[in-house]
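S.K.: I have a structure here, written as structure tokens, and I will follow up with some questions on it.
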Amino acid sequence: MKATAPAKIILFGEHAVVYNQPAIAIPVNDVKAFATIETDANLDDPVVRADDFGIEHSLNKKSVPGKIEHIMKALNLVRENSNSGFPDKGWRLSVSSKIPVARGMGSSAAISVVLIKIFFKYLKLDLSPSRLIDLSYELEKFHHGTPSGIDNAVISLGAPILFQKEKGFKVFHPKTFHFVIGDTGIGKKTATVVKDVAARYRKAMASYKAIFEAIGSVANQGLDALSLGQHKKLGRLMNLNQSLLDELGVSSPELEHLIHTALENGALGAKLCGAGKGGCMVALADSIEHAEKISVKLSEAGAKQTFVTTLKRGNGK
Ligand code: PMV
């Protein structure tokens with residue numbers, strides 16, 4: 001029994017989305033988190049394995065290693081939200097992920113989604129997309145404090161979305177676009193960066209509000225460009241979003257370096273993606289070959305890893 005969940009990137013609107021502005025996120029389907037459950041009648045204890053950390057843990061032990069706390073939270077959440085009892089022996093769960101951790105690619109949301117999916121599958125219970133979004137949001141709160149909900153929504157749906165905190169999401173149908181993602185290699189805690197923005201917002205409310213609104217307007221225009229296949233316009237909007245993120249104080253020299261490298265090599269636009277202050281940037285390329293070329297240049301400029309991804313109508317399904 002197997003479940004997967006994709007990575008994601010935010011194309012427009014990070015941070016402003018926390019303040020109820022619209023934002024756009026897309027799944028990155030070639031980079032995934034995985035979970036499997038094997039049944040084994042000889043297993044007296046249920047066992048969980050977090051392969052990336054080399055941890056195998058029996059659930060009958062009292063103490064829980066920090067690295068698998070996420071799994072335990074998910075299991076308890078599913079126990080509370082399903083009427084059928086969860087078998088207390090005879091199964092082994094394994095979790096692993098190719099999504100870089102704390103780099104703005106939704107690693108924690110993908111683990112939340114994949115765990116809920118596999119537990120529901122194991123219990124043979126129906127799981128609607130909206131239930132998956134709601135349950136994974138509960139787990140995201142445990143990690144981030146006050147997440148907007150965009151990460152777990154795009155990952156649950158596996159489709160590009162326009163998201164607004166108080167309005168919900170709308171799946172949209174983009175034309176084809178090729179992106180390159182570059183990882184600075186610097187991990188950051190989303191909750192800390194969001195808190196720092198909130199502290200600066202409280203000190204300069206009017207100007208931060210204006211920046212959030214400008215970002216919201218860029219996101220709305222971005223939706224049109226994505227839907228109509230307007231490559232140059234999309235690139236310009238990404239650059240504009242980046243300068244607004246810089247004004248919010250969430251860029252960093254390492255991100256700027258990779259962004260400039262992409263632009264110098266013909267990217268139509270580039271910006272940080274996710275919370276910023278490290279993590280990843282994303283650049284828009286003309287073609288898949290161009291995306292591969294930018295990817296090589298980003299690696300030469302110090303990117304720890306790169307991903308080329310294509311957004312197209314109907315992908316993610
Ligand atoms: O860096 P990530 O993938 O955790 O994305 C954070 C996006 C923010 O808008 C900064 C926070 C949020 O909850 O939406």
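By order in the structure tokens, chains are A, B, ...; within a chain, residues start at 1; ligands start at 1, following the order shown.
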Compute the set of protein, DNA and RNA residues whose minimum atom distance to ligand 1 is at most 7 Å, using only C-alpha atoms and all ligand atoms, and state it as a list in words.
M.R.: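 After applying the 7 Å limit, what remains is Gly13, Glu14, His15, Ala16, Val17, Val18, Ala102, Arg103, Gly104, Met105, Gly106, Thr146, Pro147, Ser148, Gly149, Ile150, Asp151, Thr190, Val194, Cys273, Gly274, Ala275 and Gly276 of chain A.
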S.K.: Just want the 12 Å neighbourhood of Leu75 of chain A, counted on only C-alpha atoms, with same-chain residues fewer than 2 positions away dropped. Output as a PyMOL selection string.
M.R.: chain A and resi 46+48+59+68-73+77-82+85-88+93+112-120+122-123+135-136+139
S.K.: Those selected residues, please, written with C-alpha atoms and delivered as a short mmCIF file (atom, residue, chain, number, x, y, z; two decimals), in the first residue's frame.
M.R.:
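So part_30.cif came out as:
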```cif
data_model
loop_
_atom_site.label_atom_id
_atom_site.label_comp_id
_atom_site.auth_asym_id
_atom_site.auth_seq_id
_atom_site.Cartn_x
_atom_site.Cartn_y
_atom_site.Cartn_z
CA PRO A 46 3.27 -1.35 14.94
CA VAL A 48 7.32 3.29 11.89
CA LEU A 59 4.90 2.49 18.72
CA ILE A 68 9.14 11.09 14.07
CA GLU A 69 6.88 13.35 16.14
CA HIS A 70 5.22 14.43 12.88
CA ILE A 71 4.25 10.80 12.17
CA MET A 72 2.82 10.39 15.68
CA LYS A 73 0.79 13.60 15.38
CA LEU A 77 -5.14 12.98 14.20
CA VAL A 78 -6.36 10.14 11.97
CA ARG A 79 -7.32 8.11 15.06
CA GLU A 80 -9.42 11.05 16.33
CA ASN A 81 -11.00 11.67 12.93
CA SER A 82 -11.91 8.17 11.84
CA GLY A 85 -10.33 1.83 15.32
CA PHE A 86 -6.70 1.79 14.18
CA PRO A 87 -5.17 -1.72 14.45
CA ASP A 88 -2.66 -1.71 17.31
CA LEU A 93 4.83 2.29 8.07
CA SER A 112 1.49 15.70 6.39
CA VAL A 113 -0.47 14.94 3.22
CA VAL A 114 1.23 11.63 2.48
CA LEU A 115 0.71 10.39 6.06
CA ILE A 116 -2.99 11.21 6.09
CA LYS A 117 -3.41 9.59 2.66
CA ILE A 118 -1.68 6.35 3.65
CA PHE A 119 -3.51 6.02 6.99
CA PHE A 120 -6.90 6.55 5.30
CA TYR A 122 -4.93 1.50 5.21
CA LEU A 123 -8.25 1.96 7.02
CA LEU A 135 -6.66 17.45 8.15
CA SER A 136 -3.27 18.38 6.70
CA LEU A 139 -0.79 19.14 11.08
#
```
S.K.: Hey, which of A:Gly278, A:Pro22, A:Gly187, A:Gly54 ends up closest to Pro100 of chain A? Count only C-alpha atoms.
M.R.: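 Going through A:Gly278, A:Pro22, A:Gly187, A:Gly54 one by one, the smallest distance to Pro100 of chain A is for A:Gly187.
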S.K.: From the DSSP assignment of the backbone, select every residue of segment 118-303 of chain A that is helix (DSSP H, G or I), and format the answer as a PyMOL selection string.
M.R.: chain A and resi 118-122+129-144+150-157+190-203+205-228+231-248+253-264+288-300
S.K.: State, in Å with one decimal place, the distance from atom CA of Phe142 of chain A to atom CA of Thr184 of chain A.
M.R.: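 Pair atom CA of Phe142 of chain A / atom CA of Thr184 of chain A returns 26.0 Å.
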S.K.: With DSSP run on the backbone, what are the strand (DSSP E) residues within segment 257-308 of chain A? I'd like them as a PyMOL selection string.
M.R.: chain A and resi 269-273+280-285+305-308
S.K.: Since we have the selection now, will you write its residues out, keeping all heavy atoms, as an mmCIF file, in the first residue's frame?
M.R.:
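Saved to out_28.cif:
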```cif
data_model
loop_
_atom_site.group_PDB
_atom_site.id
_atom_site.type_symbol
_atom_site.label_atom_id
_atom_site.label_comp_id
_atom_site.auth_asym_id
_atom_site.auth_seq_id
_atom_site.Cartn_x
_atom_site.Cartn_y
_atom_site.Cartn_z
ATOM 1 N N GLY A 269 12.195 35.836 -15.919
ATOM 2 C CA GLY A 269 11.888 36.407 -14.616
ATOM 3 C C GLY A 269 12.398 35.455 -13.559
ATOM 4 O O GLY A 269 12.619 34.268 -13.844
ATOM 5 N N ALA A 270 12.621 35.975 -12.348
ATOM 6 C CA ALA A 270 13.096 35.090 -11.269
ATOM 7 C C ALA A 270 12.743 35.708 -9.933
ATOM 8 O O ALA A 270 12.720 36.935 -9.793
ATOM 9 C CB ALA A 270 14.601 34.871 -11.375
ATOM 10 N N LYS A 271 12.474 34.846 -8.972
ATOM 11 C CA LYS A 271 12.126 35.322 -7.624
ATOM 12 C C LYS A 271 12.414 34.227 -6.597
ATOM 13 O O LYS A 271 12.552 33.061 -6.970
ATOM 14 C CB LYS A 271 10.646 35.725 -7.550
ATOM 15 C CG LYS A 271 9.693 34.552 -7.789
ATOM 16 C CD LYS A 271 8.246 35.000 -7.720
ATOM 17 C CE LYS A 271 7.719 35.037 -6.302
ATOM 18 N NZ LYS A 271 7.567 33.691 -5.669
ATOM 19 N N LEU A 272 12.473 34.632 -5.344
ATOM 20 C CA LEU A 272 12.568 33.626 -4.287
ATOM 21 C C LEU A 272 11.219 32.917 -4.210
ATOM 22 O O LEU A 272 10.202 33.448 -4.683
ATOM 23 C CB LEU A 272 12.940 34.285 -2.955
ATOM 24 C CG LEU A 272 11.947 35.228 -2.270
ATOM 25 C CD1 LEU A 272 10.942 34.480 -1.411
ATOM 26 C CD2 LEU A 272 12.691 36.222 -1.402
ATOM 27 N N CYS A 273 11.182 31.733 -3.625
ATOM 28 C CA CYS A 273 9.873 31.089 -3.450
ATOM 29 C C CYS A 273 9.787 30.489 -2.057
ATOM 30 O O CYS A 273 10.719 29.873 -1.573
ATOM 31 C CB CYS A 273 9.580 30.073 -4.545
ATOM 32 S SG CYS A 273 10.815 28.812 -4.820
ATOM 33 N N CYS A 280 14.796 28.345 -1.570
ATOM 34 C CA CYS A 280 14.919 28.264 -3.034
ATOM 35 C C CYS A 280 14.467 29.525 -3.752
ATOM 36 O O CYS A 280 13.716 30.339 -3.207
ATOM 37 C CB CYS A 280 14.060 27.107 -3.549
ATOM 38 S SG CYS A 280 14.708 25.493 -3.098
ATOM 39 N N MET A 281 14.945 29.637 -5.008
ATOM 40 C CA MET A 281 14.433 30.630 -5.951
ATOM 41 C C MET A 281 13.897 29.880 -7.158
ATOM 42 O O MET A 281 14.216 28.705 -7.362
ATOM 43 C CB MET A 281 15.518 31.629 -6.369
ATOM 44 C CG MET A 281 16.836 31.081 -6.794
ATOM 45 S SD MET A 281 16.912 30.203 -8.346
ATOM 46 C CE MET A 281 16.680 31.556 -9.497
ATOM 47 N N VAL A 282 13.056 30.579 -7.941
ATOM 48 C CA VAL A 282 12.524 29.956 -9.160
ATOM 49 C C VAL A 282 12.683 30.941 -10.314
ATOM 50 O O VAL A 282 12.493 32.142 -10.136
ATOM 51 C CB VAL A 282 11.042 29.525 -8.974
ATOM 52 C CG1 VAL A 282 10.138 30.661 -8.537
ATOM 53 C CG2 VAL A 282 10.501 28.896 -10.250
ATOM 54 N N ALA A 283 13.069 30.404 -11.480
ATOM 55 C CA ALA A 283 13.241 31.250 -12.667
ATOM 56 C C ALA A 283 12.398 30.683 -13.802
ATOM 57 O O ALA A 283 12.208 29.465 -13.898
ATOM 58 C CB ALA A 283 14.717 31.278 -13.063
ATOM 59 N N LEU A 284 11.908 31.573 -14.652
ATOM 60 C CA LEU A 284 11.106 31.158 -15.813
ATOM 61 C C LEU A 284 12.008 31.092 -17.044
ATOM 62 O O LEU A 284 12.692 32.073 -17.369
ATOM 63 C CB LEU A 284 9.969 32.175 -16.038
ATOM 64 C CG LEU A 284 9.117 31.974 -17.290
ATOM 65 C CD1 LEU A 284 8.369 30.634 -17.239
ATOM 66 C CD2 LEU A 284 8.115 33.124 -17.447
ATOM 67 N N ALA A 285 11.994 29.941 -17.730
ATOM 68 C CA ALA A 285 12.821 29.766 -18.930
ATOM 69 C C ALA A 285 11.931 29.757 -20.171
ATOM 70 O O ALA A 285 10.717 29.612 -20.083
ATOM 71 C CB ALA A 285 13.583 28.449 -18.821
ATOM 72 N N GLN A 305 21.368 22.369 -5.164
ATOM 73 C CA GLN A 305 20.693 21.469 -6.097
ATOM 74 C C GLN A 305 19.726 22.293 -6.930
ATOM 75 O O GLN A 305 19.358 23.409 -6.557
ATOM 76 C CB GLN A 305 19.972 20.333 -5.383
ATOM 77 C CG GLN A 305 18.997 20.786 -4.330
ATOM 78 C CD GLN A 305 18.547 19.650 -3.435
ATOM 79 O OE1 GLN A 305 18.457 18.510 -3.850
ATOM 80 N NE2 GLN A 305 18.238 19.976 -2.192
ATOM 81 N N THR A 306 19.349 21.737 -8.070
ATOM 82 C CA THR A 306 18.400 22.431 -8.945
ATOM 83 C C THR A 306 17.357 21.430 -9.420
ATOM 84 O O THR A 306 17.611 20.217 -9.445
ATOM 85 C CB THR A 306 19.107 23.025 -10.184
ATOM 86 O OG1 THR A 306 19.673 21.950 -10.910
ATOM 87 C CG2 THR A 306 20.169 24.040 -9.827
ATOM 88 N N PHE A 307 16.197 21.954 -9.788
ATOM 89 C CA PHE A 307 15.122 21.104 -10.323
ATOM 90 C C PHE A 307 14.527 21.825 -11.523
ATOM 91 O O PHE A 307 14.272 23.033 -11.443
ATOM 92 C CB PHE A 307 14.001 20.919 -9.286
ATOM 93 C CG PHE A 307 14.468 20.376 -7.967
ATOM 94 C CD1 PHE A 307 14.794 21.242 -6.922
ATOM 95 C CD2 PHE A 307 14.589 19.007 -7.760
ATOM 96 C CE1 PHE A 307 15.217 20.752 -5.695
ATOM 97 C CE2 PHE A 307 15.013 18.508 -6.534
ATOM 98 C CZ PHE A 307 15.333 19.379 -5.497
ATOM 99 N N VAL A 308 14.319 21.108 -12.603
ATOM 100 C CA VAL A 308 13.619 21.675 -13.758
ATOM 101 C C VAL A 308 12.207 21.107 -13.727
ATOM 102 O O VAL A 308 12.027 19.904 -13.555
ATOM 103 C CB VAL A 308 14.353 21.301 -15.065
ATOM 104 C CG1 VAL A 308 13.508 21.623 -16.285
ATOM 105 C CG2 VAL A 308 15.693 22.030 -15.141
#
```
S.K.: For Ile161 of chain A, list every protein, DNA or RNA residue within 8 Å, evaluated using only C-alpha atoms, and leave out those in the same chain fewer than 2 positions away; present the list as a count of residues only.
M.R.: 10
S.K.: For segment 235-248 of chain A, list every protein, DNA or RNA residue within 8 Å, evaluated using only C-alpha atoms, and leave out those in the same chain fewer than 3 positions away; present the list as an MDAnalysis selection string.
M.R.: chainID A and resid 11:13 197 208 211 214:215 218 221:222 231:232 251 267:272 284
S.K.: In Å, how far is it from atom CA of Phe34 of chain A to atom CA of Leu255 of chain A?
M.R.: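 Atom-to-atom, atom CA of Phe34 of chain A and atom CA of Leu255 of chain A are spaced 28.7 Å apart.
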S.K.: Compare A:Leu311, A:Leu223, A:Val180, A:Lys121 by their minimum atom-to-atom distance to Thr261 of chain A, counting only C-alpha atoms, and give me the closest one.
M.R.: A:Val180
S.K.: At what distance in Å, to one decimal, does atom CA of Lys167 of chain A lie from atom CA of Phe212 of chain A?
M.R.: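 Straight-line distance from atom CA of Phe212 of chain A to atom CA of Lys167 of chain A works out to 16.7 Å.
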S.K.: With a distance cut-off of 10 Å and only C-alpha atoms, select the neighbouring residues of Leu157 of chain A, excluding the residue or stretch itself and same-chain residues fewer than 3 positions from it, and output the selection as a ChimeraX atom specification.
M.R.: /A:5-6,26-27,113,129-130,132-133,152-154,160-161,171,316-317
S.K.: The selected residues should be written to file as a PDB file, in the first residue's frame (atoms: N, CA and C atoms).
M.R.:
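Writing done, so here's again03.pdb:
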```pdb
ATOM      1  N   ALA A   5       3.020  12.335  -2.355  1.00  0.00           N
ATOM      2  CA  ALA A   5       2.574  13.738  -2.377  1.00  0.00           C
ATOM      3  C   ALA A   5       3.691  14.559  -3.029  1.00  0.00           C
ATOM      4  N   PRO A   6       3.332  15.499  -3.893  1.00  0.00           N
ATOM      5  CA  PRO A   6       4.364  16.276  -4.588  1.00  0.00           C
ATOM      6  C   PRO A   6       4.916  17.424  -3.741  1.00  0.00           C
ATOM      7  N   ILE A  26       2.010  26.097  -7.336  1.00  0.00           N
ATOM      8  CA  ILE A  26       1.926  24.987  -8.292  1.00  0.00           C
ATOM      9  C   ILE A  26       2.625  23.745  -7.708  1.00  0.00           C
ATOM     10  N   PRO A  27       2.150  22.557  -8.072  1.00  0.00           N
ATOM     11  CA  PRO A  27       2.846  21.349  -7.597  1.00  0.00           C
ATOM     12  C   PRO A  27       4.123  21.126  -8.406  1.00  0.00           C
ATOM     13  N   VAL A 113       0.510  15.452   4.191  1.00  0.00           N
ATOM     14  CA  VAL A 113      -0.467  14.945   3.218  1.00  0.00           C
ATOM     15  C   VAL A 113      -0.270  13.443   2.978  1.00  0.00           C
ATOM     16  N   PRO A 129     -10.821  15.448  -1.294  1.00  0.00           N
ATOM     17  CA  PRO A 129      -9.767  16.465  -1.293  1.00  0.00           C
ATOM     18  C   PRO A 129      -9.963  17.505  -0.188  1.00  0.00           C
ATOM     19  N   SER A 130     -11.214  17.914   0.063  1.00  0.00           N
ATOM     20  CA  SER A 130     -11.405  18.968   1.073  1.00  0.00           C
ATOM     21  C   SER A 130     -11.097  18.440   2.482  1.00  0.00           C
ATOM     22  N   LEU A 132      -8.876  16.093   3.096  1.00  0.00           N
ATOM     23  CA  LEU A 132      -7.409  16.001   3.138  1.00  0.00           C
ATOM     24  C   LEU A 132      -6.806  17.382   3.422  1.00  0.00           C
ATOM     25  N   ILE A 133      -7.354  18.402   2.783  1.00  0.00           N
ATOM     26  CA  ILE A 133      -6.858  19.769   3.017  1.00  0.00           C
ATOM     27  C   ILE A 133      -7.065  20.153   4.490  1.00  0.00           C
ATOM     28  N   ASN A 152      -0.420  23.169   2.148  1.00  0.00           N
ATOM     29  CA  ASN A 152      -1.123  21.889   2.237  1.00  0.00           C
ATOM     30  C   ASN A 152      -2.260  21.810   1.221  1.00  0.00           C
ATOM     31  N   ALA A 153      -2.810  22.975   0.804  1.00  0.00           N
ATOM     32  CA  ALA A 153      -3.883  22.946  -0.206  1.00  0.00           C
ATOM     33  C   ALA A 153      -3.319  22.519  -1.563  1.00  0.00           C
ATOM     34  N   VAL A 154      -2.245  23.146  -2.021  1.00  0.00           N
ATOM     35  CA  VAL A 154      -1.715  22.815  -3.358  1.00  0.00           C
ATOM     36  C   VAL A 154      -1.192  21.376  -3.382  1.00  0.00           C
ATOM     37  N   PRO A 160      -2.348  23.233  -9.859  1.00  0.00           N
ATOM     38  CA  PRO A 160      -2.066  24.659  -9.634  1.00  0.00           C
ATOM     39  C   PRO A 160      -3.285  25.379  -9.054  1.00  0.00           C
ATOM     40  N   ILE A 161      -3.050  26.241  -8.083  1.00  0.00           N
ATOM     41  CA  ILE A 161      -4.199  26.935  -7.462  1.00  0.00           C
ATOM     42  C   ILE A 161      -3.943  28.428  -7.264  1.00  0.00           C
ATOM     43  N   VAL A 171      -8.751  25.918  -8.500  1.00  0.00           N
ATOM     44  CA  VAL A 171      -7.796  25.261  -9.410  1.00  0.00           C
ATOM     45  C   VAL A 171      -7.877  25.990 -10.745  1.00  0.00           C
ATOM     46  N   GLY A 316      -0.253  17.218 -12.677  1.00  0.00           N
ATOM     47  CA  GLY A 316      -0.542  17.010 -11.268  1.00  0.00           C
ATOM     48  C   GLY A 316      -1.595  15.935 -11.075  1.00  0.00           C
ATOM     49  N   LYS A 317      -2.278  15.577 -12.138  1.00  0.00           N
ATOM     50  CA  LYS A 317      -3.357  14.571 -11.970  1.00  0.00           C
ATOM     51  C   LYS A 317      -2.916  13.242 -12.511  1.00  0.00           C
TER      52      LYS A 317
END
```
S.K.: Name the residues in contact with Arg49 of chain A at a cut-off of 7 Å, using only C-alpha atoms, excluding same-chain residues fewer than 6 positions from it; report them as number ranges by chain.
M.R.: A: 55-57, 93-95
S.K.: How would the residues just picked look written out with N, CA and C atoms as a PDB file, in the first residue's frame?
M.R.:
```
ATOM      1  N   ILE A  55      15.668   5.989  11.112  1.00  0.00           N
ATOM      2  CA  ILE A  55      15.016   5.681  12.402  1.00  0.00           C
ATOM      3  C   ILE A  55      13.959   4.606  12.211  1.00  0.00           C
ATOM      4  N   GLU A  56      13.971   3.622  13.090  1.00  0.00           N
ATOM      5  CA  GLU A  56      12.883   2.643  13.128  1.00  0.00           C
ATOM      6  C   GLU A  56      12.402   2.627  14.576  1.00  0.00           C
ATOM      7  N   HIS A  57      11.100   2.786  14.767  1.00  0.00           N
ATOM      8  CA  HIS A  57      10.598   2.984  16.122  1.00  0.00           C
ATOM      9  C   HIS A  57       9.338   2.151  16.357  1.00  0.00           C
ATOM     10  N   LEU A  93       4.902   1.094   8.925  1.00  0.00           N
ATOM     11  CA  LEU A  93       4.828   2.292   8.068  1.00  0.00           C
ATOM     12  C   LEU A  93       6.242   2.755   7.727  1.00  0.00           C
ATOM     13  N   SER A  94       6.495   3.062   6.454  1.00  0.00           N
ATOM     14  CA  SER A  94       7.778   3.674   6.075  1.00  0.00           C
ATOM     15  C   SER A  94       7.501   4.999   5.388  1.00  0.00           C
ATOM     16  N   VAL A  95       8.279   6.007   5.752  1.00  0.00           N
ATOM     17  CA  VAL A  95       8.113   7.343   5.156  1.00  0.00           C
ATOM     18  C   VAL A  95       9.460   7.809   4.634  1.00  0.00           C
TER      19      VAL A  95
END
```
S.K.: For Ala301 of chain A, which residue among A:Gly182, A:Lys189, A:Asp286, A:Val101 is the nearest when counting only C-alpha atoms?
M.R.: A:Gly182
